[in-house]
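Trainee: File target.cif below, mmCIF, C-alpha atoms:
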data_model
loop_
_atom_site.label_atom_id
_atom_site.label_comp_id
_atom_site.auth_asym_id
_atom_site.auth_seq_id
_atom_site.Cartn_x
_atom_site.Cartn_y
_atom_site.Cartn_z
CA MET A 1 0.00 0.00 0.00
CA ARG A 2 2.74 2.42 0.94
CA PRO A 3 4.55 2.36 -2.45
CA LEU A 4 1.27 3.15 -4.12
CA ILE A 5 0.66 6.17 -1.89
CA GLN A 6 4.23 7.32 -2.44
CA PHE A 7 3.72 6.98 -6.16
CA PHE A 8 0.67 9.23 -5.94
CA ILE A 9 2.49 11.79 -3.81
CA ARG A 10 5.48 11.89 -6.11
CA ASN A 11 3.34 12.43 -9.18
CA TYR A 12 0.60 14.53 -7.63
CA ASN A 13 0.95 17.20 -10.30
CA PHE A 14 0.21 14.70 -13.02
CA PHE A 15 -2.85 13.39 -11.21
CA LEU A 16 -4.05 16.92 -10.55
CA PHE A 17 -3.67 17.54 -14.28
CA LEU A 18 -5.74 14.44 -15.09
CA LEU A 19 -8.41 15.44 -12.57
CA LEU A 20 -8.76 18.95 -13.97
CA GLU A 21 -8.87 17.69 -17.55
CA PHE A 22 -11.53 15.21 -16.50
CA PHE A 23 -13.70 18.05 -15.20
CA ALA A 24 -13.08 20.06 -18.36
CA PHE A 25 -14.21 17.19 -20.58
CA LEU A 26 -17.22 16.62 -18.36
CA LEU A 27 -18.20 20.22 -19.07
CA ILE A 28 -17.65 19.77 -22.79
CA PHE A 29 -19.86 16.70 -22.99
CA GLN A 30 -22.49 18.24 -20.80
CA ASN A 31 -22.65 21.22 -23.10
CA ASN A 32 -22.77 19.09 -26.23
CA TYR A 33 -25.29 16.45 -25.31
CA TYR A 34 -27.40 17.57 -22.38
CA GLN A 35 -29.37 20.69 -22.91
CA GLN A 36 -29.76 21.44 -19.22
CA SER A 37 -26.30 22.75 -18.33
CA ALA A 38 -28.09 25.57 -16.62
CA PHE A 39 -25.27 27.04 -14.58
CA PHE A 40 -22.16 27.03 -16.71
CA ASN A 41 -23.20 29.24 -19.55
CA ALA A 42 -23.97 32.84 -20.32
CA SER A 43 -27.57 32.61 -19.13
CA ASN A 44 -26.63 32.50 -15.45
CA ALA A 45 -27.20 35.58 -13.34
CA ILE A 46 -23.60 36.81 -13.01
CA SER A 47 -22.45 36.60 -16.60
CA GLY A 48 -25.87 37.60 -17.89
CA GLY A 49 -25.74 40.65 -15.64
CA ILE A 50 -22.28 41.67 -16.83
CA TYR A 51 -23.31 41.23 -20.45
CA SER A 52 -26.46 43.32 -20.11
CA TYR A 53 -24.45 46.05 -18.37
CA TYR A 54 -21.89 45.95 -21.18
CA SER A 55 -24.52 46.03 -23.92
CA GLY A 56 -25.87 49.15 -22.25
CA PHE A 57 -22.76 50.87 -23.60
CA THR A 58 -22.47 49.23 -26.98
CA ASP A 59 -26.13 49.77 -27.85
CA TYR A 60 -25.44 53.43 -28.49
CA LEU A 61 -23.20 52.51 -31.39
CA SER A 62 -25.96 50.79 -33.34
CA LEU A 63 -28.85 53.09 -32.38
CA LYS A 64 -29.13 54.64 -35.81
CA LYS A 65 -29.49 51.33 -37.59
CA VAL A 66 -31.90 49.93 -35.00
CA ASN A 67 -34.09 53.00 -35.32
CA LYS A 68 -34.22 52.56 -39.05
CA THR A 69 -35.26 48.91 -38.93
CA LEU A 70 -37.85 49.69 -36.25
CA ALA A 71 -39.28 52.51 -38.32
CA ASP A 72 -39.42 50.27 -41.39
CA GLU A 73 -41.19 47.59 -39.46
CA ASN A 74 -43.61 50.04 -37.89
CA SER A 75 -44.59 51.32 -41.29
CA ASN A 76 -45.16 47.78 -42.48
CA LEU A 77 -47.38 47.07 -39.50
CA LEU A 78 -49.30 50.31 -39.99
CA ASN A 79 -50.03 49.21 -43.52
CA LEU A 80 -51.78 46.15 -42.16
CA GLN A 81 -53.91 48.00 -39.66
CA LYS A 82 -57.63 48.28 -40.05
CA SER A 83 -57.49 52.07 -40.00
CA SER A 84 -55.40 52.12 -43.12
CA PHE A 85 -58.12 50.44 -45.15
CA ILE A 86 -61.06 52.33 -46.56
CA LYS A 87 -64.49 50.88 -46.07
CA THR A 88 -65.92 50.34 -49.52
CA ASN A 89 -69.07 48.52 -48.54
CA ASN A 90 -71.18 49.89 -45.77
CA LYS A 91 -73.49 46.90 -45.62
CA THR A 92 -70.92 44.61 -43.97
CA PHE A 93 -71.05 44.06 -40.26
CA ILE A 94 -68.63 42.58 -37.81
CA VAL A 95 -68.97 38.91 -36.89
CA ASN A 96 -66.96 36.91 -34.47
CA ASP A 97 -64.37 35.39 -36.77
CA THR A 98 -64.11 31.67 -36.23
CA LEU A 99 -62.20 30.97 -39.40
CA TYR A 100 -58.98 32.39 -38.03
CA GLN A 101 -57.45 31.50 -34.73
CA GLN A 102 -54.14 32.90 -33.61
CA GLN A 103 -51.36 30.31 -33.70
CA TYR A 104 -48.21 32.35 -33.11
CA THR A 105 -47.47 35.12 -30.65
CA TYR A 106 -44.30 37.20 -30.69
CA LEU A 107 -42.30 38.71 -27.87
CA SER A 108 -39.55 41.19 -28.57
CA ALA A 109 -36.18 40.79 -26.87
CA LYS A 110 -32.84 42.50 -26.90
CA VAL A 111 -29.63 40.70 -27.84
CA ILE A 112 -27.09 41.25 -25.07
CA SER A 113 -24.34 39.00 -26.38
CA ASN A 114 -23.70 37.43 -29.75
CA THR A 115 -20.88 35.67 -31.58
CA THR A 116 -20.39 34.79 -35.23
CA ASN A 117 -16.75 33.81 -35.30
CA ARG A 118 -16.89 30.40 -33.64
CA ILE A 119 -18.01 27.11 -35.14
CA ASN A 120 -20.81 26.88 -32.58
CA ASN A 121 -22.34 30.29 -32.03
CA TYR A 122 -24.83 31.39 -29.39
CA LEU A 123 -26.77 34.54 -28.55
CA THR A 124 -27.95 35.71 -25.15
CA LEU A 125 -31.28 37.57 -24.88
CA ASN A 126 -32.70 39.63 -22.05
CA LYS A 127 -35.95 37.66 -21.67
CA GLY A 128 -36.36 34.54 -19.56
CA SER A 129 -38.79 32.22 -17.86
CA LYS A 130 -40.41 35.15 -16.02
CA GLN A 131 -41.56 36.45 -19.40
CA GLY A 132 -42.79 33.02 -20.47
CA ILE A 133 -39.83 31.91 -22.56
CA LYS A 134 -39.41 28.15 -22.85
CA LYS A 135 -36.81 25.91 -24.42
CA ASN A 136 -37.00 25.24 -28.17
CA MET A 137 -38.91 28.37 -29.06
CA GLY A 138 -37.91 29.93 -32.37
CA VAL A 139 -36.15 33.29 -32.58
CA ILE A 140 -36.51 35.58 -35.60
CA SER A 141 -35.44 39.10 -36.49
CA PRO A 142 -37.13 41.48 -38.92
CA GLN A 143 -34.76 40.14 -41.60
CA GLY A 144 -35.15 36.43 -40.99
CA ILE A 145 -34.53 33.38 -38.84
CA VAL A 146 -32.01 33.77 -36.00
CA GLY A 147 -32.06 30.51 -34.02
CA ILE A 148 -33.70 28.37 -31.35
CA VAL A 149 -33.82 28.94 -27.56
CA LYS A 150 -31.40 26.57 -25.83
CA ASP A 151 -31.40 27.43 -22.13
CA VAL A 152 -33.63 29.63 -20.01
CA SER A 153 -32.95 31.29 -16.66
CA GLU A 154 -35.24 33.67 -14.80
CA ASN A 155 -34.40 36.79 -16.77
CA PHE A 156 -32.17 35.63 -19.62
CA CYS A 157 -32.06 32.97 -22.26
CA THR A 158 -29.37 31.60 -24.56
CA VAL A 159 -30.14 30.90 -28.19
CA THR A 160 -28.45 28.37 -30.45
CA SER A 161 -27.69 30.50 -33.48
CA LEU A 162 -28.47 29.42 -37.04
CA LEU A 163 -24.67 29.65 -37.26
CA HIS A 164 -24.09 26.46 -35.26
CA SER A 165 -22.49 23.31 -36.61
CA LYS A 166 -25.44 21.20 -35.45
CA SER A 167 -28.29 23.53 -36.33
CA LYS A 168 -30.78 22.18 -38.88
CA ILE A 169 -33.72 24.22 -40.06
CA SER A 170 -36.36 23.16 -42.54
CA ALA A 171 -36.71 25.60 -45.43
CA LYS A 172 -38.21 25.78 -48.88
CA ILE A 173 -37.75 27.60 -52.16
CA LYS A 174 -40.43 30.25 -52.27
CA LYS A 175 -41.16 29.90 -55.98
CA ASN A 176 -41.86 26.18 -56.23
CA ASP A 177 -42.24 25.02 -52.61
CA TYR A 178 -39.48 22.38 -52.72
CA VAL A 179 -38.30 21.66 -49.19
CA GLY A 180 -34.70 21.27 -47.98
CA THR A 181 -32.60 21.58 -44.85
CA ILE A 182 -30.51 24.60 -43.94
CA VAL A 183 -27.15 23.86 -42.29
CA TRP A 184 -24.01 25.91 -41.63
CA ASN A 185 -20.50 24.69 -42.35
CA GLY A 186 -18.65 27.16 -40.14
CA ASP A 187 -16.86 29.26 -42.74
CA ASP A 188 -18.67 32.49 -43.51
CA TYR A 189 -21.32 34.00 -41.27
CA ARG A 190 -23.18 35.39 -44.28
CA ILE A 191 -23.57 32.08 -46.13
CA VAL A 192 -25.51 28.92 -45.20
CA THR A 193 -26.00 25.71 -47.16
CA MET A 194 -29.34 24.22 -48.22
CA LYS A 195 -29.35 20.45 -48.69
CA ASP A 196 -31.79 17.72 -49.74
CA VAL A 197 -33.31 19.47 -52.74
CA PRO A 198 -33.55 16.86 -55.55
CA THR A 199 -31.70 17.68 -58.76
CA HIS A 200 -34.73 17.49 -61.05
CA VAL A 201 -35.96 20.77 -59.60
CA LYS A 202 -35.13 23.86 -61.65
CA ILE A 203 -33.52 26.52 -59.48
CA TYR A 204 -32.18 29.93 -60.33
CA ILE A 205 -29.63 32.19 -58.69
CA GLY A 206 -31.45 34.90 -56.78
CA ASP A 207 -34.46 32.76 -55.77
CA THR A 208 -35.73 33.47 -52.26
CA ILE A 209 -35.54 30.83 -49.52
CA ILE A 210 -38.18 30.92 -46.75
CA SER A 211 -38.99 28.78 -43.73
CA SER A 212 -41.17 25.78 -44.54
CA GLY A 213 -43.42 25.74 -41.49
CA TYR A 214 -42.77 21.99 -41.08
CA SER A 215 -40.99 22.54 -37.79
CA MET A 216 -43.06 23.68 -34.86
CA MET A 217 -40.71 26.55 -34.02
CA PHE A 218 -41.18 28.88 -36.94
CA PRO A 219 -44.27 29.95 -38.85
CA GLU A 220 -44.26 29.38 -42.59
CA GLY A 221 -42.81 32.06 -44.82
CA ILE A 222 -40.17 33.67 -42.62
CA SER A 223 -37.49 34.85 -45.01
CA ILE A 224 -33.99 33.36 -44.81
CA GLY A 225 -31.93 34.43 -47.80
CA THR A 226 -31.36 34.19 -51.53
CA ILE A 227 -29.60 31.56 -53.63
CA TYR A 228 -26.22 32.75 -54.76
CA LEU A 229 -24.44 29.57 -55.88
CA TYR A 230 -25.43 25.95 -56.41
CA GLY A 231 -23.89 22.60 -57.26
CA THR A 232 -24.68 18.92 -56.72
CA ASN A 233 -23.50 16.58 -53.97
CA LYS A 234 -21.21 13.60 -54.66
CA GLY A 235 -24.00 11.24 -55.66
CA LYS A 236 -25.44 13.93 -57.97
CA ASP A 237 -28.98 13.34 -56.76
CA PHE A 238 -29.30 16.35 -54.48
CA TYR A 239 -28.31 19.98 -54.82
CA GLU A 240 -25.96 21.78 -52.47
CA ILE A 241 -27.26 25.32 -52.55
CA LYS A 242 -25.34 28.21 -51.05
CA VAL A 243 -27.75 30.74 -49.58
CA LYS A 244 -26.80 34.33 -48.80
CA LEU A 245 -28.59 35.32 -45.58
CA PHE A 246 -30.75 38.43 -45.33
CA ASN A 247 -29.70 38.69 -41.69
CA ASP A 248 -26.38 40.29 -40.88
CA PHE A 249 -25.62 38.18 -37.83
CA ASN A 250 -22.90 40.58 -36.83
CA ASN A 251 -25.43 43.32 -36.40
CA ILE A 252 -28.47 41.90 -34.64
CA SER A 253 -29.73 43.94 -31.71
CA TYR A 254 -33.48 43.28 -31.43
CA VAL A 255 -35.22 39.98 -32.11
CA TYR A 256 -38.63 38.34 -31.65
CA ILE A 257 -39.21 35.11 -29.81
CA VAL A 258 -41.91 33.00 -31.47
CA ASN A 259 -44.42 31.20 -29.29
CA ASN A 260 -46.41 28.52 -31.07
CA LEU A 261 -49.70 28.32 -29.18
CA MET A 262 -50.56 24.96 -30.69
CA LYS A 263 -47.19 23.34 -30.13
CA ASP A 264 -48.31 21.05 -27.31
CA GLU A 265 -51.28 19.87 -29.28
CA LEU A 266 -49.12 19.14 -32.33
CA ASN A 267 -46.48 17.42 -30.22
CA GLU A 268 -49.02 15.16 -28.61
CA LEU A 269 -50.61 14.25 -31.91
CA GLU A 270 -47.29 13.42 -33.52
CA LYS A 271 -46.20 11.37 -30.54
CA ARG A 272 -49.44 9.42 -30.65
CA SER A 273 -49.07 8.56 -34.31
CA GLN A 274 -45.46 7.54 -33.83
CA ASN A 275 -46.35 5.19 -31.02
CA GLU A 276 -48.86 3.28 -33.08
CA MET B 1 5.11 38.14 -2.32
CA ASN B 2 1.82 39.75 -1.38
CA ASN B 3 2.48 42.42 -3.93
CA ASN B 4 3.05 39.74 -6.55
CA LEU B 5 -0.15 37.92 -5.61
CA LEU B 6 -2.21 41.09 -5.83
CA LYS B 7 -0.66 41.95 -9.18
CA ASN B 8 -1.56 38.53 -10.55
CA ILE B 9 -5.13 38.68 -9.27
CA ILE B 10 -5.64 42.05 -10.94
CA ARG B 11 -4.07 40.69 -14.12
CA PHE B 12 -6.41 37.68 -14.00
CA ILE B 13 -9.56 39.80 -13.76
CA GLY B 14 -8.26 42.31 -16.30
CA LEU B 15 -7.43 39.64 -18.87
CA VAL B 16 -10.79 37.86 -18.48
CA LEU B 17 -12.68 41.11 -19.00
CA LEU B 18 -10.44 42.10 -21.91
CA GLN B 19 -10.98 38.72 -23.55
CA ILE B 20 -14.77 38.51 -23.21
CA LEU B 21 -15.63 42.14 -23.79
CA VAL B 22 -13.07 43.16 -26.41
CA PHE B 23 -11.21 40.29 -28.03
CA ASN B 24 -14.19 37.94 -28.37
CA ASN B 25 -15.70 40.59 -30.63
CA ILE B 26 -12.66 40.84 -32.86
CA GLU B 27 -12.75 38.74 -35.96
CA VAL B 28 -10.13 39.00 -38.66
CA PHE B 29 -11.19 37.36 -41.95
CA SER B 30 -14.35 36.24 -40.09
CA PHE B 31 -12.71 33.32 -38.29
CA ILE B 32 -9.69 34.57 -36.34
CA THR B 33 -10.12 35.63 -32.72
CA PRO B 34 -7.00 36.33 -30.65
CA PHE B 35 -7.06 34.53 -27.30
CA ILE B 36 -4.90 36.78 -25.20
CA TYR B 37 -6.17 35.48 -21.84
CA ILE B 38 -3.46 32.79 -21.99
CA LEU B 39 -0.97 35.56 -21.31
CA PHE B 40 -1.85 35.08 -17.65
CA ILE B 41 -0.41 31.54 -17.61
CA ILE B 42 2.56 32.60 -19.73
CA MET B 43 3.50 35.35 -17.27
CA LEU B 44 3.20 33.45 -13.99
CA PRO B 45 6.53 33.80 -12.09
CA PHE B 46 9.18 31.11 -12.57
CA ASP B 47 9.02 29.69 -9.05
CA THR B 48 5.24 29.23 -9.00
CA PRO B 49 4.37 25.72 -7.74
CA LYS B 50 3.07 23.45 -10.48
CA TRP B 51 -0.29 22.87 -8.84
CA VAL B 52 -0.88 26.62 -8.63
CA ILE B 53 -0.24 26.92 -12.38
CA LEU B 54 -2.66 24.06 -13.07
CA VAL B 55 -5.43 25.40 -10.85
CA SER B 56 -5.11 28.94 -12.17
CA GLY B 57 -5.20 27.57 -15.72
CA PHE B 58 -8.38 25.73 -14.85
CA MET B 59 -10.01 28.83 -13.36
CA MET B 60 -8.95 31.03 -16.25
CA GLY B 61 -10.32 28.63 -18.86
CA MET B 62 -13.52 28.18 -16.89
CA CYS B 63 -14.16 31.93 -16.72
CA VAL B 64 -13.71 32.32 -20.48
CA ASP B 65 -15.89 29.25 -21.12
CA ILE B 66 -18.76 30.50 -18.99
CA PHE B 67 -18.84 33.80 -20.80
CA SER B 68 -18.51 32.42 -24.31
CA ASN B 69 -20.87 29.43 -23.96
CA THR B 70 -18.25 26.93 -25.01
CA GLY B 71 -18.72 24.20 -22.40
CA GLY B 72 -15.20 23.25 -21.31
CA ILE B 73 -13.00 23.58 -24.37
CA HIS B 74 -11.07 26.62 -23.10
CA THR B 75 -10.69 24.93 -19.71
CA ALA B 76 -9.30 21.73 -21.23
CA SER B 77 -6.81 23.50 -23.49
CA THR B 78 -5.65 25.97 -20.83
CA VAL B 79 -5.04 23.18 -18.31
CA LEU B 80 -3.01 21.28 -20.91
CA MET B 81 -1.03 24.41 -21.64
CA ALA B 82 -0.47 25.06 -17.92
CA TYR B 83 0.78 21.49 -17.51
CA ILE B 84 3.45 21.82 -20.17
CA SER B 85 4.51 25.37 -19.32
CA PRO B 86 7.31 24.42 -16.82
CA TRP B 87 8.61 21.99 -19.42
CA ALA B 88 8.54 24.66 -22.13
CA GLN B 89 10.56 26.98 -19.88
CA LYS B 90 13.29 24.34 -19.66
CA VAL B 91 13.27 23.38 -23.34
CA VAL B 92 13.92 26.90 -24.60
CA SER B 93 17.51 27.50 -23.64
CA SER B 94 18.55 30.83 -22.21
CA LYS B 95 21.89 32.42 -21.40
CA GLN B 96 21.05 33.49 -17.88
CA ASP B 97 19.18 31.45 -15.32
CA PRO B 98 16.04 33.26 -14.20
CA GLU B 99 16.05 34.58 -10.65
CA ALA B 100 13.39 33.31 -8.31
CA GLY B 101 10.29 35.50 -8.31
CA THR B 102 10.77 37.08 -11.73
CA GLN B 103 8.15 36.55 -14.33
CA PRO B 104 8.77 35.49 -17.93
CA GLY B 105 8.82 38.47 -20.25
CA ILE B 106 10.77 40.17 -22.98
CA LYS B 107 12.39 42.54 -20.48
CA THR B 108 13.62 39.78 -18.19
CA MET B 109 14.46 36.96 -20.60
CA GLY B 110 15.08 38.62 -23.96
CA PHE B 111 12.98 38.64 -27.09
CA ARG B 112 14.20 35.33 -28.60
CA TRP B 113 13.56 33.28 -25.48
CA PHE B 114 10.15 34.80 -24.84
CA PHE B 115 9.11 34.39 -28.47
CA PHE B 116 9.82 30.65 -28.65
CA TYR B 117 8.45 30.00 -25.17
CA THR B 118 5.19 31.75 -26.05
CA LEU B 119 5.07 30.09 -29.46
CA ILE B 120 5.19 26.58 -27.96
CA LEU B 121 2.46 27.30 -25.41
CA THR B 122 0.19 29.19 -27.81
CA THR B 123 0.44 26.50 -30.48
CA VAL B 124 -0.39 23.70 -28.04
CA HIS B 125 -3.31 25.69 -26.60
CA HIS B 126 -4.78 26.67 -29.97
CA ILE B 127 -4.48 23.27 -31.64
CA CYS B 128 -6.13 21.62 -28.64
CA LEU B 129 -8.84 24.31 -28.59
CA PHE B 130 -9.70 24.12 -32.29
CA TYR B 131 -9.92 20.34 -32.48
CA LEU B 132 -12.03 20.22 -29.33
CA GLU B 133 -14.35 22.85 -30.71
CA ILE B 134 -15.01 21.11 -34.01
CA PHE B 135 -14.79 17.68 -32.31
CA SER B 136 -14.03 15.70 -35.44
CA LEU B 137 -11.06 14.99 -37.66
CA THR B 138 -12.93 15.17 -40.97
CA ASP B 139 -11.38 18.45 -42.11
CA PHE B 140 -8.06 17.79 -40.37
CA PHE B 141 -5.86 20.19 -42.33
CA GLY B 142 -8.52 22.87 -42.60
CA THR B 143 -8.79 22.96 -38.80
CA LEU B 144 -5.01 22.95 -38.46
CA LYS B 145 -4.78 25.89 -40.85
CA HIS B 146 -7.39 27.85 -38.86
CA ALA B 147 -5.54 27.08 -35.63
CA LEU B 148 -2.16 28.19 -36.97
CA TYR B 149 -3.52 31.44 -38.43
CA ASN B 150 -5.02 32.11 -35.04
CA VAL B 151 -1.68 31.39 -33.32
CA ALA B 152 -0.07 34.09 -35.45
CA PHE B 153 -2.60 36.71 -34.42
CA THR B 154 -2.54 35.78 -30.74
CA MET B 155 1.27 35.97 -30.82
CA VAL B 156 1.16 39.44 -32.35
CA PHE B 157 -1.12 40.71 -29.59
CA ILE B 158 0.91 39.07 -26.82
CA ILE B 159 4.19 40.57 -28.10
CA ILE B 160 2.56 44.00 -28.48
CA SER B 161 1.21 43.77 -24.93
CA GLN B 162 4.75 43.14 -23.68
CA TYR B 163 5.89 46.47 -25.05
CA LEU B 164 2.72 48.34 -24.03
CA PHE B 165 2.30 47.47 -20.37
CA ILE B 166 4.90 45.15 -18.95
CA GLY B 167 7.92 47.10 -20.07
CA ARG B 168 7.03 50.13 -18.05
CA LYS B 169 6.30 48.22 -14.86
CA THR B 170 9.67 46.51 -14.53
CA GLU B 171 11.67 49.67 -15.09
#
Write the structure described by the file as structure tokens, please.

Mentor:
Amino acid sequence: MRPLIQFFIRNYNFFLFLLLEFFAFLLIFQNNYYQQSAFFNASNAISGGIYSYYSGFTDYLSLKKVNKTLADENSNLLNLQKSSFIKTNNKTFIVNDTLYQQQYTYLSAKVISNTTNRINNYLTLNKGSKQGIKKNMGVISPQGIVGIVKDVSENFCTVTSLLHSKSKISAKIKKNDYVGTIVWNGDDYRIVTMKDVPTHVKIYIGDTIISSGYSMMFPEGISIGTIYLYGTNKGKDFYEIKVKLFNDFNNISYVYIVNNLMKDELNELEKRSQNE
Amino acid sequence: MNNNLLKNIIRFIGLVLLQILVFNNIEVFSFITPFIYILFIIMLPFDTPKWVILVSGFMMGMCVDIFSNTGGIHTASTVLMAYISPWAQKVVSSKQDPEAGTQPGIKTMGFRWFFFYTLILTTVHHICLFYLEIFSLTDFFGTLKHALYNVAFTMVFIIISQYLFIGRKTE
């Protein structure tokens, strides 16, 4: 027994090294595979607090641009309002509309931290469980899809960016409704790749790509980007389409979190049909 | 000694804040981010006990990880770097033996020594970091290329920092 203990004492630095590396790898795997690493990320109170304090300074730098996008969006919304339509037929009367039922609600949030230069990028937003944010909600900006909520604390949440090596988002070509998957290969934050579109489809450079609405996180028709290059994969049966994003991920300051009111119902239905 | 401890604590906090608030936002050619927080490990005094180097490497990496949402990849690479740093000090030969209590730097050890010492540690740290981040060997040389470009930029900032701050203090 004694030689063993002496061996440990003599090499205690090496064993300390192994122990610390063990903890580090534990953290890595926890972050990669288990979505509930609630403490060790930017959504905890201390780092979230520091980031929101810091973004209080940096926000001034982008105020002009933010104002412009807000004004643009306001004008778009005003266009949709009832008051901007003229009544052409006085015989109509209001009925309780049962044809339409609201499926999505939106909650605006401010981005307090954001990266684009890593292979796995995340954003931190200043809304959390107190405001009703839950995991796996979609996040969009006025220009397009941003990502999916990963972790939630009381007042903050972290978002897995579209610019993440494991992000997969269902999208379609606006013109002919062919559906594919959007992934990111880690090179350029302005370009994503669309896969799984069969090669018999005719596509053109400049076509618009929008969200398909097949996933429960995003409504149909949220813009993503335009085609700027395309080729085929090795087997030549699917396209690999390079899509230029509408979103400048380096410059996002305000986003909307999408709440699908019928998500639970859909989830339950799909689970039931899978079980059978 | 107390003075040294205080100086290192301030440097620790300063480098963490500098890394997460300034350098994490820098991107050259959209993929290069200098990781200057490792300067803390590089500049620990020569007679620091090994376990202190390891533990401070662990804490440093952990702080950067928490703020950049990267799990434990900075922690793992900084601990590895901390483990080999006494070895790197011996491998790079120098004319004069360092006095106890001095810290590695251009002023104390000369440019050539400091350059190669930093180069070894930065390369080990960055290669470990980049492969852990991508967690696959599919694009082996692409990742290596990214890592080595990044080493160059981190080195530039570390050398500049030597002339900006450290030089004045030791005089």

Trainee: Since I can't run it myself right now, could you work out what the PyMOL selection byres ((chain B) within 8 of (chain A)) selects here and report it as a list in words?

Mentor: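 So the PyMOL selection byres ((chain B) within 8 of (chain A)), applied here, picks out Leu21, Asn24, Asn25, Glu27, Ser30, Phe31, Ile32, Thr33, Lys50, Trp51, Leu54, Val55, Phe58, Asp65, Ile66, Phe67, Ser68, Asn69, Thr70, Gly71, Gly72, Ile73, Thr75, Ala76, Val79, Leu80, Tyr83, Glu133 and Ile134 of chain B.
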
Trainee: Hey, which of B:Gly110, B:Pro104, B:Phe130, B:Val64 ends up closest to Gly142 in chain B? Count only C-alpha atoms.

Mentor: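 The shortest atom-to-atom distance to Gly142 in chain B comes from B:Phe130.
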
Trainee: Between CA of Ser211 in chain A and CA of Ser141 in chain A, what is the spacing in Å?

Mentor: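 One can read the CA of Ser141 in chain A to CA of Ser211 in chain A distance as 13.1 Å.
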
Trainee: Check which residues satisfy the PyMOL selection byres ((chain B and resi 106) around 9) in the file shown, then give them as a ChimeraX atom specification.

Mentor: /B:104-105,107-115,159,162-163,166-167

Trainee: Name all residues at most 9 Å from Ile227 in chain A (count only C-alpha atoms; drop same-chain ones fewer than 5 positions away) and give them as a list in words.

Mentor: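 Neighbouring residues, sequence-local ones excluded: Ile203, Tyr204, Ile205, Gly206, Asp207, Thr208, Ile209, Ile241, Lys242, Val243, Lys244 and Leu245 of chain A.
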
Trainee: Kindly resolve the PyMOL selection byres ((chain A and resi 156) around 6) on the present coordinates and return the residues as an MDAnalysis selection string.

Mentor: chainID A and resid 43 125:128 153 155 157

Trainee: Since we have the selection now, will you write its residues out, keeping C-alpha atoms, as a PDB file, keeping the file's coordinate frame?

Mentor:
ATOM      1  CA  SER A  43     -27.570  32.610 -19.130  1.00  0.00           C
ATOM      2  CA  LEU A 125     -31.280  37.570 -24.880  1.00  0.00           C
ATOM      3  CA  ASN A 126     -32.700  39.630 -22.050  1.00  0.00           C
ATOM      4  CA  LYS A 127     -35.950  37.660 -21.670  1.00  0.00           C
ATOM      5  CA  GLY A 128     -36.360  34.540 -19.560  1.00  0.00           C
ATOM      6  CA  SER A 153     -32.950  31.290 -16.660  1.00  0.00           C
ATOM      7  CA  ASN A 155     -34.400  36.790 -16.770  1.00  0.00           C
ATOM      8  CA  CYS A 157     -32.060  32.970 -22.260  1.00  0.00           C
TER       9      CYS A 157
END
